[in-house]
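**Student:** Following this line is run_4.tsv, made up of TSV, C-alpha atoms:
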chain	number	residue	atom	x	y	z
A	1	MET	CA	-58.65	5.79	-1.21
A	2	ASP	CA	-55.05	6.73	-0.60
A	3	SER	CA	-53.37	5.74	2.62
A	4	ARG	CA	-52.90	8.55	5.11
A	5	SER	CA	-51.38	9.05	8.50
A	6	HIS	CA	-53.10	7.71	11.59
A	7	THR	CA	-54.55	10.42	13.84
A	8	HIS	CA	-56.19	10.50	17.24
A	9	VAL	CA	-59.42	11.67	15.62
A	10	THR	CA	-59.65	8.67	13.30
A	11	ALA	CA	-58.72	6.33	16.15
A	12	ALA	CA	-61.57	7.74	18.26
A	13	LEU	CA	-64.03	7.48	15.37
A	14	ARG	CA	-62.93	3.91	14.73
A	15	LEU	CA	-63.60	2.97	18.36
A	16	CYS	CA	-66.99	4.65	18.16
A	17	LEU	CA	-67.80	2.59	15.06
A	18	HIS	CA	-66.83	-0.61	16.92
A	19	ALA	CA	-68.96	0.36	19.90
A	20	LEU	CA	-71.92	1.35	17.72
A	21	LEU	CA	-72.02	-1.88	15.73
A	22	THR	CA	-71.46	-4.07	18.81
A	23	GLY	CA	-74.10	-2.22	20.80
A	24	LEU	CA	-76.71	-2.48	18.04
A	25	LEU	CA	-76.07	-6.21	17.63
A	26	ALA	CA	-76.37	-6.65	21.39
A	27	LEU	CA	-79.61	-4.65	21.38
A	28	ALA	CA	-81.10	-6.91	18.70
A	29	ALA	CA	-80.13	-10.04	20.67
A	30	VAL	CA	-81.46	-8.71	23.99
A	31	ARG	CA	-84.77	-7.61	22.49
A	32	ALA	CA	-85.16	-10.95	20.73
A	33	VAL	CA	-84.73	-12.84	24.05
A	34	GLY	CA	-86.63	-10.42	26.27
A	35	GLY	CA	-89.50	-9.86	23.86
A	36	ASP	CA	-90.17	-13.57	23.30
A	37	THR	CA	-89.50	-13.08	19.59
A	38	PRO	CA	-89.92	-16.11	17.33
A	39	HIS	CA	-86.61	-17.64	16.32
A	40	ALA	CA	-84.93	-15.88	19.26
A	41	GLY	CA	-82.21	-18.53	19.36
A	42	ALA	CA	-81.41	-18.02	15.68
A	43	VAL	CA	-81.31	-14.26	16.16
A	44	VAL	CA	-78.84	-14.58	19.04
A	45	ALA	CA	-76.70	-17.01	17.05
A	46	LEU	CA	-76.63	-14.73	14.02
A	47	THR	CA	-75.72	-11.70	16.12
A	48	LEU	CA	-72.83	-13.63	17.67
A	49	VAL	CA	-71.58	-14.81	14.27
A	50	THR	CA	-71.90	-11.31	12.81
A	51	ALA	CA	-70.01	-9.83	15.77
A	52	GLY	CA	-67.34	-12.51	15.40
A	53	VAL	CA	-66.83	-11.83	11.68
A	54	TYR	CA	-66.62	-8.12	12.28
A	55	GLY	CA	-64.35	-8.56	15.31
A	56	ALA	CA	-61.96	-10.80	13.36
A	57	GLY	CA	-61.45	-8.07	10.80
A	58	ALA	CA	-61.14	-5.38	13.45
A	59	LEU	CA	-58.61	-7.24	15.60
A	60	ALA	CA	-56.50	-8.34	12.65
A	61	GLY	CA	-56.27	-4.74	11.49
A	62	ALA	CA	-55.31	-3.27	14.86
A	63	GLY	CA	-51.87	-2.33	13.54
A	64	ALA	CA	-53.11	-0.78	10.32
A	65	ARG	CA	-53.26	2.99	9.97
A	66	ALA	CA	-56.57	4.72	9.26
A	67	PRO	CA	-56.11	7.40	6.59
A	68	SER	CA	-59.50	9.03	6.99
A	69	VAL	CA	-62.74	8.93	8.95
A	70	GLN	CA	-64.25	6.17	6.85
A	71	GLN	CA	-61.18	3.94	7.19
A	72	GLY	CA	-61.95	1.95	10.32
A	73	ALA	CA	-59.87	-0.73	11.98
A	74	LEU	CA	-59.38	-2.99	8.99
A	75	THR	CA	-56.74	-5.59	8.36
A	76	PRO	CA	-53.71	-4.86	6.21
A	77	SER	CA	-55.12	-7.46	3.77
A	78	VAL	CA	-58.63	-5.99	3.97
A	79	ARG	CA	-57.81	-2.65	2.45
A	80	PRO	CA	-60.12	-0.32	0.51
A	81	GLY	CA	-60.61	-1.40	-3.09
A	82	THR	CA	-59.16	-4.91	-2.60
A	83	ARG	CA	-60.80	-8.25	-3.24
A	84	ALA	CA	-60.39	-9.24	0.41
A	85	ALA	CA	-62.23	-6.11	1.49
A	86	ALA	CA	-65.11	-6.79	-0.88
A	87	LEU	CA	-65.43	-10.40	0.30
A	88	TRP	CA	-65.29	-9.43	3.97
A	89	LEU	CA	-67.93	-6.75	3.48
A	90	ALA	CA	-70.12	-9.07	1.40
A	91	GLY	CA	-70.04	-11.69	4.14
A	92	LEU	CA	-70.88	-9.11	6.79
A	93	CYS	CA	-73.80	-7.74	4.74
A	94	ALA	CA	-75.08	-11.26	4.02
A	95	LEU	CA	-75.17	-12.05	7.74
A	96	TRP	CA	-76.94	-8.76	8.37
A	97	LEU	CA	-79.57	-9.49	5.71
A	98	ALA	CA	-80.22	-12.89	7.29
A	99	LEU	CA	-80.55	-11.24	10.68
A	100	LEU	CA	-82.82	-8.61	9.15
A	101	VAL	CA	-85.23	-11.32	7.98
A	102	LEU	CA	-85.55	-12.66	11.53
A	103	SER	CA	-85.60	-9.42	13.53
A	104	ALA	CA	-86.83	-5.91	12.78
A	105	ASP	CA	-84.39	-4.53	15.38
A	106	ALA	CA	-81.49	-5.49	13.10
A	107	LEU	CA	-82.30	-2.61	10.74
A	108	TRP	CA	-80.39	-0.22	13.02
A	109	VAL	CA	-77.17	-2.05	12.17
A	110	ALA	CA	-77.49	-0.40	8.74
A	111	PHE	CA	-75.96	2.81	10.15
A	112	PRO	CA	-72.46	1.43	10.92
A	113	LEU	CA	-72.66	-0.57	7.68
A	114	TYR	CA	-73.02	2.71	5.78
A	115	PHE	CA	-69.61	3.82	7.02
A	116	LEU	CA	-67.99	0.48	6.27
A	117	GLN	CA	-69.33	0.52	2.71
A	118	LEU	CA	-68.16	4.09	2.14
A	119	HIS	CA	-64.76	3.10	3.43
A	120	LEU	CA	-64.15	-0.18	1.67
A	121	LEU	CA	-65.72	0.48	-1.72
A	122	PRO	CA	-64.88	3.08	-4.36
A	123	THR	CA	-67.28	6.02	-4.32
A	124	ARG	CA	-69.03	4.90	-7.52
A	125	TRP	CA	-69.93	1.61	-5.78
A	126	ALA	CA	-70.19	2.80	-2.19
A	127	VAL	CA	-73.05	5.24	-2.71
A	128	PRO	CA	-75.27	2.68	-4.55
A	129	ALA	CA	-74.43	0.13	-1.82
A	130	VAL	CA	-75.57	2.61	0.84
A	131	VAL	CA	-78.83	3.18	-1.06
A	132	VAL	CA	-79.46	-0.57	-1.32
A	133	THR	CA	-78.72	-0.99	2.39
A	134	ALA	CA	-81.16	1.79	3.26
A	135	ALA	CA	-83.80	0.20	1.02
A	136	ALA	CA	-83.31	-3.15	2.75
A	137	ALA	CA	-83.74	-1.53	6.16
A	138	ILE	CA	-86.94	0.22	5.03
A	139	THR	CA	-88.32	-2.99	3.55
A	140	SER	CA	-87.59	-4.89	6.75
A	141	PHE	CA	-89.44	-2.30	8.81
A	142	VAL	CA	-92.49	-2.44	6.55
A	143	VAL	CA	-92.52	-6.26	6.44
A	144	HIS	CA	-92.10	-6.78	10.19
A	145	ARG	CA	-94.38	-3.97	11.40
A	146	GLN	CA	-96.99	-4.43	8.67
A	147	GLU	CA	-97.39	-0.66	8.40
A	148	ILE	CA	-96.08	2.23	6.34
A	149	ALA	CA	-94.97	5.17	8.47
A	150	PRO	CA	-92.91	8.28	7.55
A	151	GLY	CA	-90.32	7.33	10.12
A	152	ALA	CA	-89.67	4.05	8.36
A	153	PHE	CA	-88.41	5.98	5.32
A	154	ILE	CA	-86.99	9.09	6.94
A	155	GLY	CA	-84.77	7.29	9.50
A	156	PRO	CA	-82.70	5.04	7.18
A	157	LEU	CA	-82.57	7.61	4.37
A	158	LEU	CA	-81.54	10.42	6.73
A	159	GLY	CA	-78.89	8.17	8.27
A	160	ALA	CA	-77.56	7.28	4.82
A	161	ALA	CA	-77.43	10.95	3.81
A	162	VAL	CA	-75.63	11.92	7.01
A	163	ALA	CA	-73.11	9.10	6.55
A	164	VAL	CA	-72.38	10.03	2.94
A	165	ALA	CA	-72.10	13.74	3.74
A	166	THR	CA	-69.89	13.10	6.78
A	167	VAL	CA	-67.54	10.68	5.07
A	168	LEU	CA	-67.14	12.52	1.78
A	169	GLY	CA	-67.04	15.94	3.45
A	170	TYR	CA	-64.39	14.90	5.96
A	171	ASP	CA	-62.39	13.24	3.23
A	172	ALA	CA	-62.51	16.42	1.12
A	173	LEU	CA	-61.39	18.48	4.11
A	174	PHE	CA	-58.56	16.04	4.77
A	175	ARG	CA	-57.37	16.26	1.16
A	176	GLU	CA	-57.49	20.05	1.34
A	177	SER	CA	-55.48	19.94	4.58
A	178	GLU	CA	-52.90	17.70	2.90
A	179	ARG	CA	-52.64	20.08	-0.04
A	180	ARG	CA	-52.10	22.98	2.32
A	181	ARG	CA	-49.46	21.04	4.23
A	182	GLU	CA	-47.64	20.18	1.00
A	183	LEU	CA	-47.87	23.83	-0.07
A	184	ILE	CA	-46.37	24.97	3.23
A	185	VAL	CA	-43.53	22.47	2.86
A	186	GLU	CA	-42.94	23.70	-0.69
A	187	LEU	CA	-43.00	27.34	0.42
A	188	VAL	CA	-40.50	26.65	3.21
A	189	ALA	CA	-38.21	24.88	0.75
A	190	THR	CA	-38.61	27.70	-1.77
A	191	ARG	CA	-37.82	30.29	0.89
A	192	ALA	CA	-34.64	28.42	1.78
A	193	GLU	CA	-33.70	28.22	-1.91
A	194	LEU	CA	-34.36	31.94	-2.36
A	195	ALA	CA	-32.28	32.76	0.69
A	196	GLU	CA	-29.43	30.65	-0.67
A	197	ALA	CA	-29.80	32.27	-4.09
A	198	GLU	CA	-29.69	35.72	-2.50
A	199	ARG	CA	-26.56	34.81	-0.55
A	200	THR	CA	-24.95	33.45	-3.71
A	201	ALA	CA	-25.95	36.54	-5.69
A	202	GLY	CA	-24.59	38.79	-2.98
A	203	THR	CA	-21.33	36.85	-2.89
A	204	LEU	CA	-20.94	37.05	-6.66
A	205	ALA	CA	-21.78	40.75	-6.68
A	206	GLU	CA	-19.19	41.44	-3.99
A	207	ARG	CA	-16.60	39.40	-5.88
A	208	GLU	CA	-17.28	41.40	-9.03
A	209	ARG	CA	-17.00	44.66	-7.12
A	210	LEU	CA	-13.71	43.65	-5.59
A	211	ALA	CA	-12.38	42.50	-8.96
A	212	ARG	CA	-13.38	45.80	-10.53
A	213	GLU	CA	-11.87	47.84	-7.71
A	214	ILE	CA	-8.61	45.88	-7.77
A	215	HIS	CA	-8.41	46.21	-11.54
A	216	ASP	CA	-9.21	49.92	-11.59
A	217	THR	CA	-6.91	50.87	-8.69
A	218	LEU	CA	-4.16	48.45	-7.69
A	219	ALA	CA	-3.61	46.78	-11.06
A	220	GLN	CA	-3.68	50.03	-13.01
A	221	GLY	CA	-1.43	51.73	-10.45
A	222	LEU	CA	1.10	48.88	-10.53
A	223	SER	CA	1.03	48.88	-14.33
A	224	SER	CA	1.76	52.63	-14.38
A	225	ILE	CA	4.57	52.21	-11.83
A	226	GLN	CA	6.08	49.45	-13.96
A	227	LEU	CA	5.96	51.60	-17.12
A	228	LEU	CA	7.51	54.58	-15.31
A	229	LEU	CA	10.29	52.48	-13.84
A	230	ARG	CA	11.00	50.94	-17.24
A	231	ALA	CA	11.26	54.44	-18.73
A	232	ALA	CA	13.54	55.54	-15.87
A	233	GLU	CA	15.70	52.45	-16.32
A	234	ARG	CA	16.20	53.26	-19.99
A	235	THR	CA	17.31	56.81	-19.25
A	236	LEU	CA	19.91	55.83	-16.67
A	237	PRO	CA	23.47	54.97	-17.67
A	238	ASP	CA	24.30	51.28	-17.55
A	239	GLN	CA	26.77	51.71	-14.68
A	240	ALA	CA	24.66	54.16	-12.66
A	241	PRO	CA	24.31	53.14	-8.99
A	242	ALA	CA	20.51	53.62	-9.14
A	243	THR	CA	20.02	51.28	-12.11
A	244	ALA	CA	20.00	48.12	-9.98
A	245	HIS	CA	17.49	49.62	-7.55
A	246	VAL	CA	15.19	50.79	-10.36
A	247	ARG	CA	15.37	47.36	-11.99
A	248	ALA	CA	14.54	45.66	-8.68
A	249	ALA	CA	11.62	48.04	-8.11
A	250	ARG	CA	10.31	47.40	-11.65
A	251	GLU	CA	10.53	43.63	-11.16
A	252	ALA	CA	8.73	43.89	-7.81
A	253	ALA	CA	6.00	45.99	-9.44
A	254	GLN	CA	5.72	43.45	-12.27
A	255	ALA	CA	5.42	40.55	-9.79
A	256	ASN	CA	2.75	42.33	-7.78
A	257	LEU	CA	0.90	43.26	-10.98
A	258	ALA	CA	0.81	39.56	-11.88
A	259	GLU	CA	-0.54	38.75	-8.42
A	260	ALA	CA	-3.22	41.45	-8.77
A	261	ARG	CA	-4.29	40.08	-12.15
A	262	SER	CA	-4.45	36.56	-10.72
A	263	LEU	CA	-6.64	37.84	-7.91
A	264	VAL	CA	-8.93	39.60	-10.40
A	265	ARG	CA	-9.24	36.40	-12.42
A	266	ALA	CA	-10.07	34.45	-9.26
A	267	LEU	CA	-12.90	36.88	-8.48
A	268	THR	CA	-14.46	36.81	-11.93
A	269	PRO	CA	-17.79	35.01	-12.56
A	270	PRO	CA	-17.54	31.21	-12.88
A	271	ASP	CA	-18.67	31.35	-16.52
A	272	LEU	CA	-15.50	33.29	-17.35
A	273	GLU	CA	-13.12	31.05	-15.41
A	274	HIS	CA	-12.98	28.29	-18.00
A	275	GLY	CA	-12.76	30.09	-21.30
A	276	SER	CA	-13.27	33.30	-23.19
A	277	LEU	CA	-16.23	35.67	-23.13
A	278	ALA	CA	-17.47	34.21	-26.42
A	279	ALA	CA	-17.44	30.71	-24.94
A	280	ALA	CA	-19.29	31.91	-21.84
A	281	LEU	CA	-21.96	33.61	-23.98
A	282	GLU	CA	-22.32	30.48	-26.11
A	283	ARG	CA	-22.88	28.38	-22.99
A	284	LEU	CA	-25.40	30.94	-21.75
A	285	CYS	CA	-27.39	30.64	-24.99
A	286	ALA	CA	-27.24	26.84	-24.87
A	287	ARG	CA	-28.68	26.59	-21.37
A	288	THR	CA	-31.34	29.29	-21.81
A	289	THR	CA	-34.58	27.43	-22.45
A	290	ALA	CA	-38.25	28.37	-22.66
A	291	PRO	CA	-41.24	26.85	-24.47
A	292	GLY	CA	-40.90	27.63	-28.19
A	293	LEU	CA	-37.78	29.77	-27.75
A	294	THR	CA	-34.62	29.32	-29.83
A	295	VAL	CA	-31.49	31.24	-28.78
A	296	ARG	CA	-28.56	31.68	-31.16
A	297	PHE	CA	-25.10	33.17	-30.64
A	298	ALA	CA	-22.68	34.65	-33.15
A	299	VAL	CA	-19.30	36.42	-33.12
A	300	SER	CA	-18.43	39.21	-35.53
A	301	GLY	CA	-14.94	40.48	-36.17
A	302	THR	CA	-11.64	39.25	-34.78
A	303	PRO	CA	-11.87	38.39	-31.08
A	304	VAL	CA	-9.36	40.13	-28.83
A	305	GLU	CA	-8.67	39.68	-25.14
A	306	LEU	CA	-10.74	42.10	-23.09
A	307	PRO	CA	-10.14	43.42	-19.58
A	308	THR	CA	-12.00	41.46	-16.91
A	309	PRO	CA	-14.46	44.27	-16.06
A	310	TYR	CA	-15.45	44.41	-19.76
A	311	GLU	CA	-16.10	40.66	-19.89
A	312	VAL	CA	-18.08	40.74	-16.64
A	313	ALA	CA	-20.19	43.70	-17.81
A	314	LEU	CA	-21.00	42.13	-21.18
A	315	LEU	CA	-21.78	38.71	-19.65
A	316	ARG	CA	-24.05	40.17	-16.97
A	317	THR	CA	-25.84	42.31	-19.56
A	318	ALA	CA	-26.47	39.26	-21.73
A	319	GLN	CA	-27.73	37.26	-18.75
A	320	SER	CA	-30.15	39.98	-17.71
A	321	ALA	CA	-31.37	40.62	-21.26
A	322	LEU	CA	-32.03	36.91	-21.87
A	323	ALA	CA	-33.78	36.61	-18.50
A	324	ASN	CA	-36.12	39.43	-19.52
A	325	THR	CA	-36.73	37.71	-22.86
A	326	VAL	CA	-37.67	34.43	-21.17
A	327	ARG	CA	-39.85	36.02	-18.49
A	328	HIS	CA	-41.64	38.77	-20.36
A	329	ALA	CA	-41.16	38.72	-24.12
A	330	GLY	CA	-42.88	35.49	-25.12
A	331	ALA	CA	-40.41	35.33	-27.99
A	332	GLY	CA	-39.83	32.48	-30.40
A	333	ARG	CA	-36.31	33.56	-31.38
A	334	ALA	CA	-33.50	35.46	-29.69
A	335	GLU	CA	-30.02	36.25	-30.99
A	336	ILE	CA	-26.88	37.41	-29.20
A	337	THR	CA	-24.07	38.88	-31.29
A	338	LEU	CA	-20.65	39.81	-29.91
A	339	SER	CA	-18.90	42.22	-32.29
A	340	PHE	CA	-15.22	43.15	-32.11
A	341	MET	CA	-14.34	46.41	-33.88
A	342	ASP	CA	-11.19	48.52	-34.13
A	343	THR	CA	-11.91	50.78	-31.18
A	344	SER	CA	-14.88	49.17	-29.47
A	345	VAL	CA	-16.69	45.96	-28.63
A	346	ALA	CA	-20.46	45.63	-28.88
A	347	LEU	CA	-23.03	43.17	-27.59
A	348	ASP	CA	-26.42	42.98	-29.32
A	349	VAL	CA	-29.41	41.05	-27.93
A	350	VAL	CA	-32.41	40.89	-30.26
A	351	ASP	CA	-35.71	39.02	-29.85
A	352	ASP	CA	-38.99	38.85	-31.76
A	353	GLY	CA	-41.19	39.00	-28.65
A	354	ARG	CA	-44.06	41.24	-27.70
A	355	GLY	CA	-41.82	44.24	-27.03
A	356	PHE	CA	-42.59	47.21	-24.81
A	357	ASP	CA	-42.53	50.98	-24.74
A	358	PRO	CA	-39.11	52.14	-23.46
A	359	SER	CA	-40.51	55.58	-22.73
A	360	GLY	CA	-43.37	54.19	-20.63
A	361	ALA	CA	-43.24	52.71	-17.16
A	362	PRO	CA	-39.87	52.20	-15.48
A	363	VAL	CA	-38.28	48.97	-16.59
A	364	ASP	CA	-37.80	47.87	-13.00
A	365	GLU	CA	-41.57	47.32	-12.90
A	366	ARG	CA	-41.26	44.57	-15.50
A	367	GLY	CA	-40.09	42.23	-12.80
A	368	ASP	CA	-36.60	41.52	-14.05
A	369	GLY	CA	-35.30	40.80	-10.59
A	370	GLY	CA	-33.64	44.16	-9.95
A	371	PHE	CA	-31.06	44.19	-12.78
A	372	GLY	CA	-33.02	46.14	-15.40
A	373	LEU	CA	-32.05	48.62	-18.07
A	374	PRO	CA	-30.98	51.32	-15.58
A	375	ALA	CA	-28.49	48.89	-14.01
A	376	MET	CA	-27.20	47.81	-17.44
A	377	ARG	CA	-26.83	51.42	-18.52
A	378	SER	CA	-25.01	52.31	-15.29
A	379	ARG	CA	-22.59	49.39	-15.72
A	380	ALA	CA	-21.86	50.40	-19.31
A	381	ALA	CA	-21.38	54.05	-18.33
A	382	THR	CA	-18.90	53.05	-15.61
A	383	LEU	CA	-16.68	51.59	-18.34
A	384	GLY	CA	-17.17	54.57	-20.65
A	385	GLY	CA	-19.70	52.78	-22.86
A	386	THR	CA	-23.31	53.28	-23.91
A	387	LEU	CA	-26.52	51.24	-23.89
A	388	SER	CA	-29.29	51.66	-26.44
A	389	VAL	CA	-32.70	50.00	-26.57
A	390	GLU	CA	-35.10	49.83	-29.49
A	391	SER	CA	-38.53	48.33	-28.89
A	392	ALA	CA	-42.23	48.83	-29.45
A	393	PRO	CA	-45.32	46.81	-28.49
A	394	GLY	CA	-45.54	43.84	-30.83
A	395	GLN	CA	-42.24	44.70	-32.57
A	396	GLY	CA	-39.72	42.81	-30.45
A	397	THR	CA	-36.73	44.28	-28.63
A	398	ALA	CA	-33.17	45.12	-29.69
A	399	LEU	CA	-30.60	45.94	-27.00
A	400	ALA	CA	-27.04	47.03	-27.77
A	401	VAL	CA	-24.20	47.84	-25.39
A	402	THR	CA	-20.97	49.32	-26.76
A	403	LEU	CA	-17.73	49.60	-24.81
A	404	PRO	CA	-14.57	51.38	-26.01
A	405	VAL	CA	-11.46	49.26	-26.43
A	406	ALA	CA	-8.24	50.92	-25.31
A	407	VAL	CA	-5.33	50.96	-27.78
A	408	PRO	CA	-2.54	48.62	-26.50
A	409	ALA	CA	0.31	50.38	-24.73
A	410	GLN	CA	3.57	50.87	-26.53
A	411	GLY	CA	6.61	48.78	-25.74
A	412	GLY	CA	4.75	45.49	-25.62
A	413	GLU	CA	2.89	46.34	-22.39
A	414	ARG	CA	-0.86	45.67	-22.52
A	415	ALA	CA	-3.21	47.58	-20.27
A	416	ALA	CA	-4.25	45.63	-17.23
Translate the structure described by the file into structure tokens.
**Tutor:**
Amino acid sequence: MDSRSHTHVTAALRLCLHALLTGLLALAAVRAVGGDTPHAGAVVALTLVTAGVYGAGALAGAGARAPSVQQGALTPSVRPGTRAAALWLAGLCALWLALLVLSADALWVAFPLYFLQLHLLPTRWAVPAVVVTAAAAITSFVVHRQEIAPGAFIGPLLGAAVAVATVLGYDALFRESERRRELIVELVATRAELAEAERTAGTLAERERLAREIHDTLAQGLSSIQLLLRAAERTLPDQAPATAHVRAAREAAQANLAEARSLVRALTPPDLEHGSLAAALERLCARTTAPGLTVRFAVSGTPVELPTPYEVALLRTAQSALANTVRHAGAGRAEITLSFMDTSVALDVVDDGRGFDPSGAPVDERGDGGFGLPAMRSRAATLGGTLSVESAPGQGTALAVTLPVAVPAQGGERAA
């Protein structure tokens, strides 16, 4: 049996086992001397030798830990299932059998032996050993008393049954307690991981919100100021006193616009920090795994640089759609296609999974973690785009989000 932690309960039971075996051996010796039993000297000698053999094992194992009720004070070398344990137990049982031949009172020593056998031997050997020990005790009673009585059979058999039930039952309860303890440890660790994941998700969401707000307000405002100042600078005469001030204001607006764009880039998702949207989507497909699922990525059209909110919206939509595919679709194949067109950019996510009824229950009930189709549709609508979903039970799912692409500003200035 597996090693387990020492407890006060097992220590108390171990001491009780020591006391029981010692007391029964002493009882056999005292009755042999007081009752004028034949071979009384041999009985006393055998009880002393048996106690010595048992005590040697018990004292040598005083520092060992007892993992369960049946694991008494055994030596580190005399461990359950080892050759040393089998030899030690065989010697102890041999001495007991010799004592049993000389004295009928020795049959009571069978009860502590039951526990030792259940401890030291594997269950497939321990139970037969207990049965043999009980049979030996019954035989001794019949031979010494020259009578057959119900108590001669009931006592040893009942003791064996109680020992087996106690040992195996306690061991099963201990294993169940260990499983519960491990489950609690796992739940605590999972709760900590979930809390950390929630904090990370909240941080990322706030960073995206700030990036979007900075892009939609400060960056756009500074870009407009820069364009207006450039137009004003062109209309002023070269030697006009205001020309220098307008040029300085335009350069200040341009510098602050660059700072705003740098800040937006710093707040974008990590997947977009080291490459384009197409590269981020390709990495997403590569690391999305599920049993039997193959995810492919393709680009259609000529890629163009997109505003940061567009890239964030398309990446988050792809992440959520693939998460739903892995969790709910049971698909064998999924494809993500990023299409660049003249006036729009589209993201298509298609899988051959079990599908669902879009007109049925709210999608939030599908357990997608809170970022379902309503959230995708809201994000697309914020950028002036649309989201469409085609699905049916058993027919797979096709999701498409389309965002309009603004025409580049004249004069070489690109929208922020």
**Student:** May I ask for the distance between CA of Leu277 (chain A) and CA of Ala334 (chain A), given in Å to one decimal place?
**Tutor:** 18.5 Å
**Student:** Interatomic distance between CA of His39 (chain A) and CA of Val131 (chain A)?
**Tutor:**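 It comes out at 28.2 Å.
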**Student:** Considering all atoms listed in the file, return as a tab-separated table (two decimals) with C-alpha atoms, in the coordinates of the input whatever protein or nucleic-acid residues lie within 12 Å of Pro303 (chain A), sequence-local ones (same chain, fewer than 3 positions apart) excluded.
**Tutor:**
chain	number	residue	atom	x	y	z
A	276	SER	CA	-13.27	33.30	-23.19
A	277	LEU	CA	-16.23	35.67	-23.13
A	278	ALA	CA	-17.47	34.21	-26.42
A	279	ALA	CA	-17.44	30.71	-24.94
A	298	ALA	CA	-22.68	34.65	-33.15
A	299	VAL	CA	-19.30	36.42	-33.12
A	300	SER	CA	-18.43	39.21	-35.53
A	306	LEU	CA	-10.74	42.10	-23.09
A	338	LEU	CA	-20.65	39.81	-29.91
A	339	SER	CA	-18.90	42.22	-32.29
A	340	PHE	CA	-15.22	43.15	-32.11
A	341	MET	CA	-14.34	46.41	-33.88
A	342	ASP	CA	-11.19	48.52	-34.13
A	344	SER	CA	-14.88	49.17	-29.47
A	345	VAL	CA	-16.69	45.96	-28.63
A	346	ALA	CA	-20.46	45.63	-28.88
A	405	VAL	CA	-11.46	49.26	-26.43
**Student:** Could you tell me which of A:Glu390, A:Tyr54, A:Glu233, A:Leu218 comes closest to Glu251 (chain A) if we count all atoms listed in the file?
**Tutor:**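 Looking at the shortest contact to Glu251 (chain A), the residue is A:Glu233.
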**Student:** Measuring between only C-alpha atoms, which one of A:His119, A:Glu193, A:Ile138, A:Phe111 shows the shortest distance to Gly159 (chain A)?
**Tutor:**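 Residue with the minimum atom-to-atom distance to Gly159 (chain A): A:Phe111.
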**Student:** Just how far from CA of Phe297 (chain A) is CA of Arg283 (chain A), in Å to one decimal?
**Tutor:** 9.3 Å
**Student:** Please identify all polymer residues within 10 Å of Arg377 (chain A), counting all atoms listed in the file, omitting same-chain residues fewer than 2 positions from it, and present them as a list in words.
**Tutor:**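 Once the nearby chain positions are removed, what remains is Thr317, Gly372, Leu373, Pro374, Ala375, Arg379, Ala380, Ala381, Thr382, Gly385, Thr386, Leu387, Ser388 and Val401 of chain A.
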**Student:** Can you spit out the residues from that selection as a PDB file, keeping the file's coordinate frame, using C-alpha atoms?
**Tutor:**
ATOM      1  CA  THR A 317     -25.840  42.310 -19.560  1.00  0.00           C
ATOM      2  CA  GLY A 372     -33.020  46.140 -15.400  1.00  0.00           C
ATOM      3  CA  LEU A 373     -32.050  48.620 -18.070  1.00  0.00           C
ATOM      4  CA  PRO A 374     -30.980  51.320 -15.580  1.00  0.00           C
ATOM      5  CA  ALA A 375     -28.490  48.890 -14.010  1.00  0.00           C
ATOM      6  CA  ARG A 379     -22.590  49.390 -15.720  1.00  0.00           C
ATOM      7  CA  ALA A 380     -21.860  50.400 -19.310  1.00  0.00           C
ATOM      8  CA  ALA A 381     -21.380  54.050 -18.330  1.00  0.00           C
ATOM      9  CA  THR A 382     -18.900  53.050 -15.610  1.00  0.00           C
ATOM     10  CA  GLY A 385     -19.700  52.780 -22.860  1.00  0.00           C
ATOM     11  CA  THR A 386     -23.310  53.280 -23.910  1.00  0.00           C
ATOM     12  CA  LEU A 387     -26.520  51.240 -23.890  1.00  0.00           C
ATOM     13  CA  SER A 388     -29.290  51.660 -26.440  1.00  0.00           C
ATOM     14  CA  VAL A 401     -24.200  47.840 -25.390  1.00  0.00           C
TER      15      VAL A 401
END
**Student:** With all atoms listed in the file as the counted atoms, please give the residues lying no more than 12 Å from Ala232 (chain A), apart from itself and same-chain residues fewer than 6 positions off, as a count of residues only.
**Tutor:** 12
**Student:** Using only C-alpha atoms, which protein or nucleic acid residues come within 7 Å of Ser223 (chain A)? Drop anything in the same chain fewer than 3 positions from it, and give the result as a list in words.
**Tutor:**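 Contacts, in chain order: Ala219, Gln220, Gln226, Leu227, Leu257 and Ala416 of chain A.
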**Student:** Since we have the selection now, will you write its residues out, keeping C-alpha atoms, as a JSON list (two decimals), in the coordinates of the input?
**Tutor:**
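Here's the written file out-v2.json:
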[["chain", "number", "residue", "atom", "x", "y", "z"],
["A", 219, "ALA", "CA", -3.61, 46.78, -11.06],
["A", 220, "GLN", "CA", -3.68, 50.03, -13.01],
["A", 226, "GLN", "CA", 6.08, 49.45, -13.96],
["A", 227, "LEU", "CA", 5.96, 51.60, -17.12],
["A", 257, "LEU", "CA", 0.90, 43.26, -10.98],
["A", 416, "ALA", "CA", -4.25, 45.63, -17.23]]
**Student:** Please return the centre and edge lengths, in Å to one decimal, of a box with edges along x, y and z that contains all listed atoms of region 274-283 of chain A, widened by 4 Å on every side, as lines of an AutoDock Vina configuration file.
**Tutor:**
center_x = -17.8
center_y = 32.0
center_z = -22.2
size_x = 18.1
size_y = 15.4
size_z = 16.4
**Student:** Out of A:Ala231, A:Ala163, A:Leu222, A:Leu314, which residue has the shortest atom-to-atom distance to Gln254 (chain A) when counting all atoms listed in the file?
**Tutor:** A:Leu222
**Student:** Neighbours of Val44 (chain A) within 12 Å (all atoms listed in the file; same-chain residues fewer than 3 positions away dropped), as an MDAnalysis selection string?
**Tutor:** chainID A and resid 25:34 37:41 47:51 98:99 102:103 106
